Amino acid sequence: MLAVAIRFKKAGKIYFFDPGGHKLAAGEGVIVETARGIEYGRVVMEPGEVPEEEVTTPLKKVIRKATAEDYQQVKANQEKEERAFQVCLEKIAHHNLPMKLVNVDQTFDGSKIVFYFTADGRIDFRELVKDLASVFRTRIELRQIGVRDEAKMIGGLGCCGRELCCSAWLSDFTSVSIKMAKGQNLSLNPTKISGICGRLMCCLKYECDAYENGMEGFMEENGVVIAPNGENNSEP
């Protein structure tokens, strides 16, 4: 199936669309219709054949390549998001709600504004939504997210000194367990194997399979490691 891969946020999930006859190159901006409304995104993979099992049909078509006016609209939306963030902070303080505002996202056509927040439990934000709707005169959605999503949106530096994987390139979060740290003989001290989000670091997953495959066939008897060929590997 012919499809083009499009991403709407840096390190965000990749979605497939029908190129609709447009000649598109990686990095180009496009305007497409999504479940949220009309959105602006960037091509991450030019049109090509994609296995049908990897896409959700029917594919929606790319409306057009982004124009100069579209880029101006994107910039204007970013300025509106900054204002909406400040307004929402004031409203949260006014209602004395125990929540932390993380990010604001407005659809390209301005039909909806989504406010992302974290909180320890359920929050009754009905009055907050009414206040925001009266200010912005559009659909308002408040979406509670987890700490890993918060780190992805805000970004930062990991203990390795590099930009967080989740905010730089990691599209989807994978399940990470303490067993992965044990298998790599890493310290089980939570402060050493946890990211800035407070959860186990995503990079524990990267070399997990290599360690598991490398240990296949090895046995341990009375503290002595026996290799698959029967040799004692506990001595230099």
# chains A, B, ... in the order shown; residues from 1 in each chain; ligands from 1
>>> residues_around(residues="Lys182 (chain A)", least_positions_apart="4", cutoff="12 Å", atoms="only C-alpha atoms", output="list of chain:residue names")
A:Val176, A:Ser177, A:Ile178, A:Leu186, A:Ser187, A:Leu188, A:Asn189, A:Ile193, A:Leu204, A:Lys205, A:Cys208, A:Tyr211, A:Glu212
>>> residues_around(residues="region 76-86 of chain A", least_positions_apart="2", cutoff="12 Å", atoms="only C-alpha atoms", output="ChimeraX atom specification")
/A:39-40,69-74,88-93,100-117,131-133,135-138,140
>>> closest_residue(among="A:Glu163, A:Glu207, A:Glu28, A:Asp18", to="Thr56 (chain A)", atoms="only C-alpha atoms")
A:Asp18
>>> residues_around(residues="Asp149 (chain A)", least_positions_apart="4", cutoff="9 Å", atoms="only C-alpha atoms", output="PyMOL selection string")
chain A and resi 145+153-154+166+173+197
>>> atom_distance(atom1="CA of Ala168 (chain A)", atom2="CA of Val44 (chain A)")
14.3 Å
>>> select_by_dssp(residues="region 45-222 of chain A", states="alpha helix (DSSP H)", output="PyMOL selection string")
chain A and resi 68-95+126-136+147-154+165-168+178-183+190-193+208-214
>>> select_by_dssp(residues="region 12-184 of chain A", states="strand (DSSP E)", output="MDAnalysis selection string")
chainID A and resid 14:17 29:34 37:49 62:65 100:106 112:118 139:144
>>> atom_distance(atom1="CA of Lys152 (chain A)", atom2="CA of Ile14 (chain A)")
15.4 Å
>>> atom_distance(atom1="CA of Ala35 (chain A)", atom2="CA of Lys9 (chain A)")
15.7 Å
